[in-house]
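Here is the file query-v7.txt (compact mmCIF, C-alpha atoms).
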# COMPACT_ATOMS: atom_id res chain seq x y z
CA MET Q 1 154.27 34.20 -73.73
CA SER Q 2 151.07 36.28 -73.53
CA ASN Q 3 151.23 39.99 -74.19
CA ASN Q 4 150.26 40.86 -70.58
CA LEU Q 5 152.90 38.52 -69.16
CA ALA Q 6 155.49 39.97 -71.53
CA LYS Q 7 154.67 43.48 -70.29
CA LYS Q 8 154.98 42.39 -66.66
CA VAL Q 9 158.34 40.80 -67.35
CA ALA Q 10 159.50 43.88 -69.28
CA PHE Q 11 158.55 46.22 -66.42
CA TRP Q 12 160.23 43.91 -63.90
CA LEU Q 13 163.43 43.96 -65.95
CA TYR Q 14 163.10 47.74 -66.38
CA ASP Q 15 162.79 48.13 -62.61
CA VAL Q 16 165.79 45.86 -61.97
CA GLY Q 17 167.84 47.73 -64.56
CA TRP Q 18 167.14 51.07 -62.89
CA GLY Q 19 168.02 49.54 -59.54
CA LEU Q 20 171.42 48.54 -60.87
CA VAL Q 21 172.30 51.88 -62.49
CA ILE Q 22 170.93 54.34 -59.93
CA PRO Q 23 173.91 54.03 -57.53
CA ALA Q 24 176.26 54.88 -60.41
CA LEU Q 25 174.13 57.88 -61.40
CA ARG Q 26 175.10 59.60 -58.17
CA LEU Q 27 178.60 59.93 -59.66
CA ASN Q 28 177.22 62.01 -62.53
CA HIS Q 29 177.63 65.64 -61.43
CA ARG Q 30 174.50 66.69 -63.34
CA LEU Q 31 172.37 64.06 -61.60
CA ALA Q 32 174.01 64.26 -58.18
CA GLU Q 33 172.24 67.56 -57.53
CA GLY Q 34 168.81 66.73 -56.18
CA PHE Q 35 169.67 63.02 -55.97
CA GLU Q 36 167.59 62.56 -52.82
CA GLN Q 37 164.54 63.99 -54.61
CA ARG Q 38 165.24 61.96 -57.74
CA THR Q 39 165.25 58.78 -55.64
CA LEU Q 40 162.35 59.92 -53.44
CA GLN Q 41 164.30 59.75 -50.18
CA HIS Q 42 162.24 62.63 -48.78
CA GLU Q 43 158.51 63.11 -48.49
CA VAL Q 44 156.89 64.87 -51.44
CA GLN Q 45 153.98 67.26 -51.17
CA ALA Q 46 150.55 66.26 -52.39
CA ALA Q 47 149.28 68.12 -55.46
CA ASP Q 48 146.20 68.23 -57.64
CA LEU Q 49 148.21 69.02 -60.78
CA TRP Q 50 151.70 67.74 -61.62
CA ILE Q 51 153.59 69.46 -64.45
CA GLN Q 52 156.80 67.88 -65.77
CA ALA Q 53 159.24 70.19 -67.58
CA ALA Q 54 162.34 68.30 -68.72
CA SER Q 55 164.79 71.19 -68.94
CA ALA Q 56 165.08 74.96 -69.30
CA GLY Q 57 162.93 75.34 -72.41
CA GLU Q 58 160.04 73.33 -71.00
CA SER Q 59 160.39 75.09 -67.64
CA TYR Q 60 159.65 78.42 -69.30
CA LEU Q 61 156.49 76.81 -70.70
CA ALA Q 62 155.57 75.62 -67.20
CA TRP Q 63 156.08 79.18 -65.96
CA ALA Q 64 153.61 80.40 -68.59
CA LEU Q 65 151.07 77.79 -67.49
CA LEU Q 66 151.40 78.73 -63.82
CA LYS Q 67 151.05 82.41 -64.64
CA ASN Q 68 148.00 82.03 -66.88
CA LEU Q 69 146.07 79.14 -65.34
CA ARG Q 70 142.60 80.17 -64.17
CA PRO Q 71 141.16 77.24 -62.19
CA ALA Q 72 137.57 77.34 -60.96
CA ARG Q 73 138.77 76.54 -57.42
CA PRO Q 74 142.11 76.58 -55.54
CA VAL Q 75 144.64 74.11 -56.93
CA ARG Q 76 147.95 72.75 -55.64
CA VAL Q 77 150.61 72.30 -58.31
CA MET Q 78 153.82 70.26 -58.30
CA VAL Q 79 156.30 71.25 -61.02
CA THR Q 80 159.32 69.07 -61.70
CA SER Q 81 162.38 69.20 -63.93
CA ASN Q 82 165.33 66.96 -64.74
CA THR Q 83 167.99 69.69 -64.71
CA SER Q 84 169.37 72.33 -62.35
CA GLN Q 85 168.71 75.02 -64.97
CA GLY Q 86 165.11 73.89 -65.22
CA MET Q 87 164.78 73.95 -61.44
CA GLU Q 88 166.17 77.47 -61.24
CA ILE Q 89 163.55 78.66 -63.74
CA LEU Q 90 160.74 76.85 -61.92
CA GLU Q 91 161.73 78.42 -58.61
CA ARG Q 92 161.67 81.86 -60.24
CA ALA Q 93 158.26 81.02 -61.67
CA ILE Q 94 156.91 80.10 -58.24
CA ASP Q 95 158.22 83.37 -56.81
CA ASP Q 96 156.52 85.16 -59.70
CA ILE Q 97 153.07 83.72 -59.02
CA THR Q 98 153.13 83.56 -55.20
CA PRO Q 99 151.01 84.88 -53.68
CA ASN Q 100 148.30 85.19 -56.29
CA ASP Q 101 144.56 85.71 -56.31
CA ARG Q 102 143.80 82.73 -58.55
CA GLY Q 103 144.24 80.07 -55.88
CA VAL Q 104 147.30 78.52 -57.56
CA ARG Q 105 149.87 77.28 -55.03
CA ALA Q 106 152.98 75.65 -56.45
CA CYS Q 107 156.13 73.87 -55.31
CA ALA Q 108 159.08 72.49 -57.29
CA ALA Q 109 161.20 69.35 -57.11
CA TYR Q 110 163.54 67.30 -59.24
CA PHE Q 111 161.79 64.72 -61.42
CA PRO Q 112 162.17 61.22 -59.94
CA PHE Q 113 164.08 58.54 -61.78
CA ASP Q 114 161.69 56.42 -63.85
CA ARG Q 115 162.24 53.23 -61.91
CA PRO Q 116 158.70 51.76 -61.67
CA ALA Q 117 158.98 51.24 -57.90
CA ILE Q 118 160.02 54.89 -57.42
CA MET Q 119 157.40 56.29 -59.79
CA GLU Q 120 154.59 54.29 -58.24
CA ARG Q 121 155.53 55.65 -54.82
CA ALA Q 122 155.77 59.19 -56.24
CA VAL Q 123 152.31 59.06 -57.80
CA ARG Q 124 150.85 57.43 -54.69
CA ASN Q 125 152.27 60.20 -52.48
CA ILE Q 126 151.62 63.20 -54.74
CA ARG Q 127 148.14 61.92 -55.65
CA PRO Q 128 147.76 64.13 -58.75
CA LYS Q 129 144.41 64.28 -60.49
CA ILE Q 130 146.00 65.65 -63.66
CA MET Q 131 149.50 65.09 -65.08
CA VAL Q 132 150.82 67.51 -67.70
CA LEU Q 133 153.82 66.39 -69.75
CA LEU Q 134 155.43 69.19 -71.74
CA GLU Q 135 156.65 68.54 -75.27
CA SER Q 136 158.11 65.02 -75.43
CA GLU Q 137 158.35 63.59 -71.92
CA MET Q 138 157.01 60.03 -72.09
CA TRP Q 139 158.42 57.73 -69.41
CA PRO Q 140 156.94 54.21 -69.18
CA GLY Q 141 157.33 53.92 -65.40
CA LEU Q 142 155.54 57.22 -64.85
CA LEU Q 143 152.75 56.55 -67.35
CA ALA Q 144 152.10 53.09 -65.88
CA ALA Q 145 151.87 54.50 -62.35
CA LEU Q 146 149.51 57.26 -63.49
CA LYS Q 147 147.25 54.69 -65.14
CA LYS Q 148 147.27 52.53 -62.01
CA TYR Q 149 146.12 55.38 -59.78
CA GLY Q 150 143.58 56.81 -62.21
CA CYS Q 151 145.37 60.10 -62.97
CA LYS Q 152 144.46 61.78 -66.25
CA THR Q 153 147.48 62.57 -68.45
CA ILE Q 154 147.84 65.38 -70.97
CA ILE Q 155 150.72 66.07 -73.35
CA ILE Q 156 150.91 69.78 -74.13
CA ASN Q 157 153.05 71.43 -76.81
CA GLY Q 158 153.68 67.88 -77.91
CA ARG Q 159 156.58 66.98 -80.18
CA ILE Q 160 157.67 63.58 -81.42
CA THR Q 161 160.36 63.02 -84.04
CA ALA Q 162 160.24 60.35 -86.73
CA LYS Q 163 163.26 58.69 -85.07
CA SER Q 164 161.51 58.59 -81.68
CA LEU Q 165 158.34 57.21 -83.26
CA THR Q 166 160.30 54.36 -84.83
CA ARG Q 167 161.71 53.49 -81.42
CA TYR Q 168 158.28 53.58 -79.75
CA LEU Q 169 156.78 51.44 -82.52
CA SER Q 170 159.12 48.59 -81.63
CA TRP Q 171 156.42 47.72 -79.06
CA PRO Q 172 153.23 49.53 -80.09
CA SER Q 173 150.88 47.52 -77.84
CA LEU Q 174 152.82 48.59 -74.74
CA TRP Q 175 152.57 52.29 -75.59
CA HIS Q 176 148.91 51.91 -76.52
CA THR Q 177 148.16 50.72 -72.97
CA LEU Q 178 150.06 53.75 -71.62
CA ARG Q 179 148.24 56.19 -73.92
CA PRO Q 180 147.72 59.72 -72.56
CA ASP Q 181 144.16 60.97 -72.30
CA LYS Q 182 144.76 64.03 -74.48
CA ILE Q 183 147.57 65.23 -76.73
CA LEU Q 184 147.97 68.75 -78.11
CA ALA Q 185 150.73 68.63 -80.74
CA VAL Q 186 152.54 71.66 -82.15
CA SER Q 187 152.24 70.68 -85.82
CA GLU Q 188 150.26 68.50 -88.19
CA ASN Q 189 153.29 66.24 -88.65
CA ASP Q 190 153.73 65.79 -84.90
CA ALA Q 191 149.99 65.11 -84.56
CA LYS Q 192 150.18 62.42 -87.24
CA ARG Q 193 153.09 60.74 -85.50
CA PHE Q 194 151.30 60.78 -82.14
CA ALA Q 195 148.20 59.38 -83.86
CA THR Q 196 150.25 56.56 -85.38
CA LEU Q 197 151.42 55.56 -81.91
CA PHE Q 198 148.32 56.19 -79.80
CA GLY Q 199 145.39 56.54 -82.23
CA GLY Q 200 144.05 59.83 -83.51
CA GLU Q 201 140.87 60.26 -81.47
CA HIS Q 202 142.60 62.15 -78.64
CA VAL Q 203 145.16 64.09 -80.69
CA ASN Q 204 144.75 67.72 -81.79
CA VAL Q 205 147.02 70.52 -83.04
CA MET Q 206 147.73 73.66 -81.02
CA PRO Q 207 149.81 76.82 -81.61
CA ASN Q 208 153.28 76.35 -80.15
CA MET Q 209 153.42 77.98 -76.72
CA LYS Q 210 156.95 79.18 -77.41
CA PHE Q 211 155.56 81.86 -79.71
CA ASP Q 212 153.69 83.31 -76.71
CA ARG Q 213 156.95 84.06 -74.91
CA PHE Q 214 157.74 86.71 -77.45
CA GLY Q 215 155.26 89.48 -76.79
CA ARG Q 216 155.75 93.20 -77.27
CA THR Q 217 156.59 93.87 -73.62
CA GLU Q 218 159.17 91.07 -73.46
CA ALA Q 219 160.82 92.17 -76.67
CA VAL Q 220 161.42 95.75 -75.54
CA PRO Q 221 165.04 95.85 -74.35
CA CYS Q 222 165.77 96.70 -70.75
CA PRO Q 223 166.35 100.48 -70.63
CA ARG Q 224 169.44 99.86 -68.50
CA ASN Q 225 170.85 96.57 -69.68
CA PRO Q 226 173.09 95.40 -66.81
CA LEU Q 227 175.67 94.11 -69.29
CA ALA Q 228 176.25 97.67 -70.51
CA LYS Q 229 178.66 98.10 -67.60
CA ILE Q 230 181.08 95.57 -69.13
CA PHE Q 231 180.72 96.54 -72.81
CA ARG Q 232 181.62 100.05 -73.93
CA PRO Q 233 179.13 101.77 -76.28
CA GLY Q 234 179.89 100.68 -79.82
CA THR Q 235 181.61 97.46 -78.81
CA PRO Q 236 181.58 95.08 -81.83
CA LEU Q 237 179.98 92.23 -79.84
CA LEU Q 238 179.24 88.90 -81.48
CA VAL Q 239 177.41 86.18 -79.55
CA LEU Q 240 177.93 82.45 -79.99
CA GLY Q 241 174.95 81.10 -78.09
CA SER Q 242 173.93 77.62 -76.89
CA VAL Q 243 177.06 75.95 -78.27
CA ARG Q 244 176.87 72.17 -77.96
CA ARG Q 245 179.73 69.75 -77.29
CA GLU Q 246 179.45 68.04 -80.69
CA GLU Q 247 180.09 71.29 -82.58
CA GLU Q 248 182.91 72.64 -80.42
CA PRO Q 249 185.71 71.87 -82.95
CA VAL Q 250 184.04 73.91 -85.71
CA VAL Q 251 183.11 76.70 -83.31
CA GLU Q 252 186.81 76.94 -82.48
CA LYS Q 253 187.38 77.53 -86.19
CA ILE Q 254 184.72 80.24 -86.22
CA ILE Q 255 186.40 82.02 -83.30
CA LEU Q 256 189.82 81.86 -84.97
CA ASP Q 257 188.42 83.13 -88.27
CA ILE Q 258 186.64 86.05 -86.60
CA GLN Q 259 189.77 86.94 -84.64
CA ARG Q 260 191.85 86.91 -87.81
CA ARG Q 261 189.45 89.03 -89.88
CA ARG Q 262 187.95 91.24 -87.17
CA PRO Q 263 190.61 91.38 -84.43
CA LYS Q 264 188.71 94.01 -82.43
CA ALA Q 265 185.51 91.96 -82.21
CA VAL Q 266 184.42 90.86 -78.74
CA ILE Q 267 182.89 87.38 -78.66
CA GLY Q 268 180.39 86.29 -76.03
CA LEU Q 269 180.70 82.48 -75.87
CA PHE Q 270 177.77 80.67 -74.24
CA PRO Q 271 178.17 76.87 -73.92
CA ARG Q 272 174.79 75.16 -73.84
CA HIS Q 273 175.82 73.21 -70.73
CA MET Q 274 177.87 74.68 -67.89
CA HIS Q 275 180.00 71.56 -67.47
CA ARG Q 276 181.69 72.46 -70.80
CA ILE Q 277 183.24 75.62 -69.31
CA LYS Q 278 186.44 73.75 -68.38
CA TYR Q 279 186.78 72.49 -71.94
CA TRP Q 280 186.55 76.00 -73.31
CA GLU Q 281 189.04 77.38 -70.80
CA LYS Q 282 191.61 74.88 -72.05
CA ALA Q 283 190.62 75.34 -75.71
CA LEU Q 284 190.97 79.13 -75.64
CA ASP Q 285 194.35 78.82 -73.95
CA ARG Q 286 195.40 76.31 -76.61
CA LEU Q 287 194.27 78.70 -79.34
CA ALA Q 288 196.16 81.59 -77.66
CA ILE Q 289 193.01 83.72 -77.63
CA PRO Q 290 192.53 86.31 -74.85
CA TRP Q 291 189.55 85.38 -72.70
CA ARG Q 292 187.93 85.98 -69.36
CA LEU Q 293 185.10 84.43 -67.37
CA ARG Q 294 181.87 86.38 -67.17
CA SER Q 295 181.67 85.74 -63.41
CA LYS Q 296 184.98 87.55 -62.94
CA THR Q 297 184.22 90.45 -65.28
CA GLU Q 298 183.20 93.70 -63.65
CA ASP Q 299 184.92 96.33 -65.81
CA HIS Q 300 184.96 97.02 -69.55
CA VAL Q 301 185.98 94.08 -71.73
CA PRO Q 302 188.99 94.86 -73.95
CA PHE Q 303 188.50 94.60 -77.71
CA GLY Q 304 189.57 91.26 -79.16
CA THR Q 305 188.52 89.29 -76.07
CA VAL Q 306 186.33 86.22 -75.72
CA VAL Q 307 183.98 86.38 -72.72
CA LEU Q 308 183.31 82.83 -71.59
CA TRP Q 309 179.85 82.83 -69.99
CA ASP Q 310 179.81 80.80 -66.80
CA THR Q 311 176.66 82.41 -65.38
CA PHE Q 312 173.07 81.53 -66.22
CA GLY Q 313 170.27 83.70 -67.57
CA GLU Q 314 172.15 86.48 -69.37
CA LEU Q 315 172.01 85.22 -72.96
CA PRO Q 316 169.01 87.44 -73.93
CA LEU Q 317 170.77 90.47 -72.45
CA ALA Q 318 173.87 89.71 -74.51
CA TYR Q 319 171.76 89.34 -77.65
CA GLU Q 320 170.34 92.82 -77.04
CA LEU Q 321 173.82 94.36 -77.18
CA SER Q 322 175.22 92.25 -80.02
CA ARG Q 323 175.62 93.05 -83.68
CA ALA Q 324 175.11 89.44 -84.72
CA ALA Q 325 174.64 86.03 -83.15
CA PHE Q 326 175.15 82.38 -83.97
CA VAL Q 327 172.77 79.95 -82.26
CA GLY Q 328 174.27 76.53 -81.67
CA GLY Q 329 173.07 72.97 -81.82
CA SER Q 330 172.91 73.51 -85.57
CA LEU Q 331 176.44 72.82 -86.90
CA ALA Q 332 176.17 69.18 -85.81
CA PRO Q 333 173.14 66.93 -86.42
CA LEU Q 334 171.46 67.95 -83.16
CA GLY Q 335 168.31 69.65 -84.41
CA GLY Q 336 169.18 73.20 -83.32
CA GLN Q 337 168.51 75.43 -80.31
CA ASN Q 338 165.98 78.21 -79.80
CA PHE Q 339 166.87 81.07 -82.15
CA LEU Q 340 163.65 83.03 -81.57
CA GLU Q 341 165.15 84.42 -78.37
CA ALA Q 342 167.90 86.11 -80.37
CA LEU Q 343 165.49 87.33 -83.01
CA THR Q 344 163.08 88.99 -80.61
CA SER Q 345 166.02 90.55 -78.79
CA GLY Q 346 166.66 92.45 -82.00
CA VAL Q 347 169.41 90.49 -83.76
CA VAL Q 348 169.09 88.33 -86.87
CA PRO Q 349 170.39 84.91 -85.77
CA VAL Q 350 172.70 82.75 -87.85
CA ILE Q 351 172.11 79.00 -87.66
CA GLY Q 352 173.74 75.97 -89.26
CA PRO Q 353 172.05 73.36 -91.46
CA SER Q 354 170.54 71.33 -88.60
CA TRP Q 355 167.42 72.97 -87.15
CA GLU Q 356 164.71 70.34 -87.58
CA ASN Q 357 163.72 70.62 -83.90
CA PHE Q 358 162.52 74.12 -84.73
CA ALA Q 359 160.85 73.37 -88.04
CA TRP Q 360 157.59 74.35 -86.31
CA VAL Q 361 158.72 77.98 -86.61
CA GLY Q 362 158.23 77.71 -90.37
CA ARG Q 363 160.63 77.92 -93.32
CA GLU Q 364 159.16 81.35 -94.06
CA ILE Q 365 161.29 82.81 -91.30
CA VAL Q 366 164.39 82.11 -93.40
CA GLU Q 367 162.73 83.22 -96.63
CA GLN Q 368 161.87 86.56 -95.00
CA GLY Q 369 165.49 87.08 -93.94
CA LEU Q 370 164.70 86.94 -90.24
CA VAL Q 371 167.08 83.98 -89.80
CA ARG Q 372 170.28 83.32 -91.77
CA ASN Q 373 170.66 79.62 -92.55
CA ALA Q 374 174.34 78.80 -93.22
CA THR Q 375 175.54 75.57 -94.79
CA ASP Q 376 178.73 75.18 -92.73
CA TRP Q 377 181.00 76.85 -90.16
CA LYS Q 378 182.77 78.94 -92.81
CA GLU Q 379 179.53 80.52 -93.97
CA VAL Q 380 178.58 81.19 -90.35
CA ALA Q 381 181.89 83.02 -89.86
CA ASP Q 382 181.43 84.98 -93.11
CA ILE Q 383 178.00 86.21 -92.03
CA LEU Q 384 179.18 87.18 -88.55
CA VAL Q 385 182.23 89.01 -89.87
CA GLU Q 386 180.11 90.97 -92.34
CA ALA Q 387 177.63 91.85 -89.58
CA VAL Q 388 180.37 93.57 -87.59
CA LYS Q 389 180.47 96.20 -90.34
CA LYS Q 390 176.77 96.40 -91.15
CA SER Q 391 173.63 94.97 -89.54
CA PRO Q 392 170.02 96.13 -89.29
CA SER Q 393 168.95 98.05 -86.21
CA HIS Q 394 167.58 96.09 -83.30
CA GLU Q 395 164.32 98.02 -83.56
CA GLN Q 396 163.81 96.98 -87.19
CA VAL Q 397 164.56 93.35 -86.46
CA ARG Q 398 162.34 93.31 -83.39
CA GLU Q 399 159.36 94.79 -85.24
CA ALA Q 400 159.70 92.27 -88.06
CA ALA Q 401 159.98 89.42 -85.55
CA LEU Q 402 156.88 90.52 -83.65
CA GLY Q 403 154.97 90.69 -86.90
CA TYR Q 404 156.01 87.13 -87.70
CA VAL Q 405 155.02 85.59 -84.36
CA LYS Q 406 151.82 87.58 -83.80
CA ASP Q 407 149.60 85.35 -85.95
CA ARG Q 408 151.15 82.22 -84.45
CA GLN Q 409 150.37 82.92 -80.79
CA GLY Q 410 147.61 81.62 -78.50
CA GLY Q 411 148.98 78.23 -77.45
CA THR Q 412 149.22 79.10 -73.75
CA THR Q 413 145.57 80.15 -73.59
CA ARG Q 414 144.54 76.94 -75.36
CA ALA Q 415 146.62 74.79 -73.01
CA CYS Q 416 145.37 76.52 -69.84
CA ARG Q 417 141.78 76.14 -70.97
CA LEU Q 418 142.27 72.39 -71.47
CA ILE Q 419 143.95 71.96 -68.07
CA ALA Q 420 141.14 73.89 -66.37
CA GLU Q 421 138.56 71.66 -68.07
CA PHE Q 422 140.32 68.53 -66.83
CA LEU Q 423 140.67 69.97 -63.31
CA ASN Q 424 136.99 70.87 -63.22
CA SER Q 425 135.97 67.39 -64.34
CA ALA Q 426 138.20 65.87 -61.65
CA HIS Q 427 135.95 67.38 -58.92
CA LEU Q 428 138.77 68.64 -56.72
Let's see the structure in the file written out as structure tokens.
Amino acid sequence: MSNNLAKKVAFWLYDVGWGLVIPALRLNHRLAEGFEQRTLQHEVQAADLWIQAASAGESYLAWALLKNLRPARPVRVMVTSNTSQGMEILERAIDDITPNDRGVRACAAYFPFDRPAIMERAVRNIRPKIMVLLESEMWPGLLAALKKYGCKTIIINGRITAKSLTRYLSWPSLWHTLRPDKILAVSENDAKRFATLFGGEHVNVMPNMKFDRFGRTEAVPCPRNPLAKIFRPGTPLLVLGSVRREEEPVVEKIILDIQRRRPKAVIGLFPRHMHRIKYWEKALDRLAIPWRLRSKTEDHVPFGTVVLWDTFGELPLAYELSRAAFVGGSLAPLGGQNFLEALTSGVVPVIGPSWENFAWVGREIVEQGLVRNATDWKEVADILVEAVKKSPSHEQVREAALGYVKDRQGGTTRACRLIAEFLNSAHL
């Protein structure tokens, strides 16, 4: 079988496979929201620029692009995300930039399922001149449709793990035909991996845009933190942030250990995904630990209570009031979650041994004592318990953090400049 015929057969099977599973995906509560948009049952607006932001983290990057893009002429932008959290951030971003004097008009929608028939219709209807994929979003159905309709594709803030590269290299000729037109990777190692897959002539390194989120104005705490109404001054608050399902059993041990050794400590528990709230309600009851939902908390939280966070967007505010914080995704082999948010809120974060997804931050951040890297759950608990008694001031931590990120900023400017160049060359 020729290579071209093999690709046609593969895409036909890929399309058929999507067709079989899509009806079942409606039963998934995370995918049911926006299902009509995901399956393109409604008309989509045309756009010159399409930005895909997979989830919350990438959506913040999309927000930065929308806010800083300086096109030479008016431009219509479609921003999409796979998750409800991502969509919420994108909608806030659109409110933030509309109206504006830069001629940027944006709308948001859920990212369509990658069934080739759906993606081809999406690209044909949106008619983007430029497609921006943030970080690691490479879908074959989308890339094939973009190639067919002559849309230029850029990967910005690009990341690709060694494990993902191995998977892609199972069919290198396919991915070579789907090659993006430009890739800006966040590290030399990521750039080398992209070059191995696509060739190095269109791959460059850029500063990670996530460093740009942590500027001096963002790091200054809100003078009237709204969470102050539920935490008395001096409350020994510890935050367990972005806790993932795979590490829940050991996080239970951390909570029990803290309760035993620091019974007055208040714990703010933030599951990474809201659908895990029910699990934690049952777990805290099983552990006989006093708890309450954040959504039902209006008065002061009693000492020794776990506040189970079932509302979105308040994690940075909780960090600002905490004495110490653990950032999840790191006590199981998951690669870690964003600990810079805690750091620039003024608290030294504690992480577990798995944080390879954030290796771009640099090992120096641990060596300088700005992040505490624990080997297991017991060491995490030890550090948190000690921090209840003594921890550096938020002002000291914040200043040190700003000093660390200052020389690593500039990625947003670089990305916006590249997008503007591509838009200009597209002759909108």
Grab all the atoms of segment 109-114 of chain Q that the file lists, wrap them in a box along x, y and z, add 5 Å per side, and give me centre plus edge lengths in Å (one decimal) as lines of an AutoDock Vina configuration file.
center_x = 162.6
center_y = 62.9
center_z = -60.5
size_x = 12.9
size_y = 22.9
size_z = 16.7
For this session: Please identify all polymer residues within 9 Å of Pro116 of chain Q, counting all atoms listed in the file, omitting same-chain residues fewer than 5 positions from it, and present them as JSON, numbers by chain.
Result: {"Q": [11, 12, 14, 15, 18, 121, 140, 141, 142, 144, 145]}
For the selection you just gave me, I'd like the residues written to a file as an mmCIF file, in the frame of the given file, keeping C-alpha atoms.
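As written to disk, selection.cif reads:
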data_model
loop_
_atom_site.group_PDB
_atom_site.id
_atom_site.type_symbol
_atom_site.label_atom_id
_atom_site.label_comp_id
_atom_site.auth_asym_id
_atom_site.auth_seq_id
_atom_site.Cartn_x
_atom_site.Cartn_y
_atom_site.Cartn_z
ATOM 1 C CA PHE Q 11 158.550 46.220 -66.420
ATOM 2 C CA TRP Q 12 160.230 43.910 -63.900
ATOM 3 C CA TYR Q 14 163.100 47.740 -66.380
ATOM 4 C CA ASP Q 15 162.790 48.130 -62.610
ATOM 5 C CA TRP Q 18 167.140 51.070 -62.890
ATOM 6 C CA ARG Q 121 155.530 55.650 -54.820
ATOM 7 C CA PRO Q 140 156.940 54.210 -69.180
ATOM 8 C CA GLY Q 141 157.330 53.920 -65.400
ATOM 9 C CA LEU Q 142 155.540 57.220 -64.850
ATOM 10 C CA ALA Q 144 152.100 53.090 -65.880
ATOM 11 C CA ALA Q 145 151.870 54.500 -62.350
#
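For the pair atom CA of Gly158 of chain Q and atom CA of Cys107 of chain Q, the interatomic distance is 23.5 Å.
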Exercise. Can you tell me, as a list in words, what residues are no more than 9 Å from Ala122 of chain Q when counting all atoms listed in the file, ignoring any on the same chain fewer than 5 positions away?
Worked result: Leu40, Val44, Pro112, Ala117, Arg127, Leu142 and Ala145 of chain Q
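Distances here use all atoms listed in the file; by that measure, the residue among Q:Met131, Q:Ile267, Q:Leu20, Q:Ala108 closest to Val301 of chain Q is Q:Ile267.
Note that atom CA of Asn208 of chain Q and atom CA of Ala332 of chain Q are 24.6 Å apart.
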Identify, on the basis of only C-alpha atoms, every residue whose closest approach to Val205 of chain Q does not exceed 9 Å; exclude the query and any residue fewer than 6 positions from it along the same chain; express the result as an mmCIF file with C-alpha atoms, keeping the file's coordinate frame.
data_model
loop_
_atom_site.group_PDB
_atom_site.id
_atom_site.type_symbol
_atom_site.label_atom_id
_atom_site.label_comp_id
_atom_site.auth_asym_id
_atom_site.auth_seq_id
_atom_site.Cartn_x
_atom_site.Cartn_y
_atom_site.Cartn_z
ATOM 1 C CA ASN Q 157 153.050 71.430 -76.810
ATOM 2 C CA GLY Q 158 153.680 67.880 -77.910
ATOM 3 C CA ILE Q 183 147.570 65.230 -76.730
ATOM 4 C CA LEU Q 184 147.970 68.750 -78.110
ATOM 5 C CA ALA Q 185 150.730 68.630 -80.740
ATOM 6 C CA VAL Q 186 152.540 71.660 -82.150
ATOM 7 C CA SER Q 187 152.240 70.680 -85.820
ATOM 8 C CA GLU Q 188 150.260 68.500 -88.190
ATOM 9 C CA ASP Q 190 153.730 65.790 -84.900
ATOM 10 C CA ALA Q 191 149.990 65.110 -84.560
#
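Counting all atoms listed in the file and comparing Q:Glu120, Q:Asp96, Q:Glu91, Q:Glu395, the residue that lies closest to Thr39 of chain Q is Q:Glu120.
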Exercise. Hey, what's within 12 Å of Ile419 of chain Q if we count all atoms listed in the file and toss same-chain stuff fewer than 5 positions away? As a PyMOL selection string, please?
Worked result: chain Q and resi 48-51+65-66+68-72+75+77+129-133+152-156+181-184+412-414+424-426
For this session: Return the single residue from Q:Glu247, Q:Glu43, Q:Glu421, Q:Glu33 that is closest to Ser81 of chain Q, with distances computed using all atoms listed in the file.
Result: Q:Glu33
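With all atoms listed in the file as the atoms that count, the residue of Q:Thr161, Q:Asn100, Q:Ser391, Q:Ser242 with the shortest distance to Ile351 of chain Q is Q:Ser242.
Reported to one decimal place, the separation of atom CA of Arg213 of chain Q from atom CA of Gly410 of chain Q is 10.3 Å.
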For this session: Could you tell me which of Q:Glu58, Q:Leu197, Q:His202, Q:Phe113 comes closest to Leu25 of chain Q if we count only C-alpha atoms?
Result: Q:Phe113
Exercise. Given the choices Q:Leu237, Q:Ala420, Q:Leu315, Q:Val104, which gets closest to Ala387 of chain Q if the distance is worked out from all atoms listed in the file?
Worked result: Q:Leu237
Problem set entry | Shell around Leu343 of chain Q at 8 Å using only C-alpha atoms, local window under 5 positions removed, as a ChimeraX atom specification | /Q:348-349,370-371,397-398,401
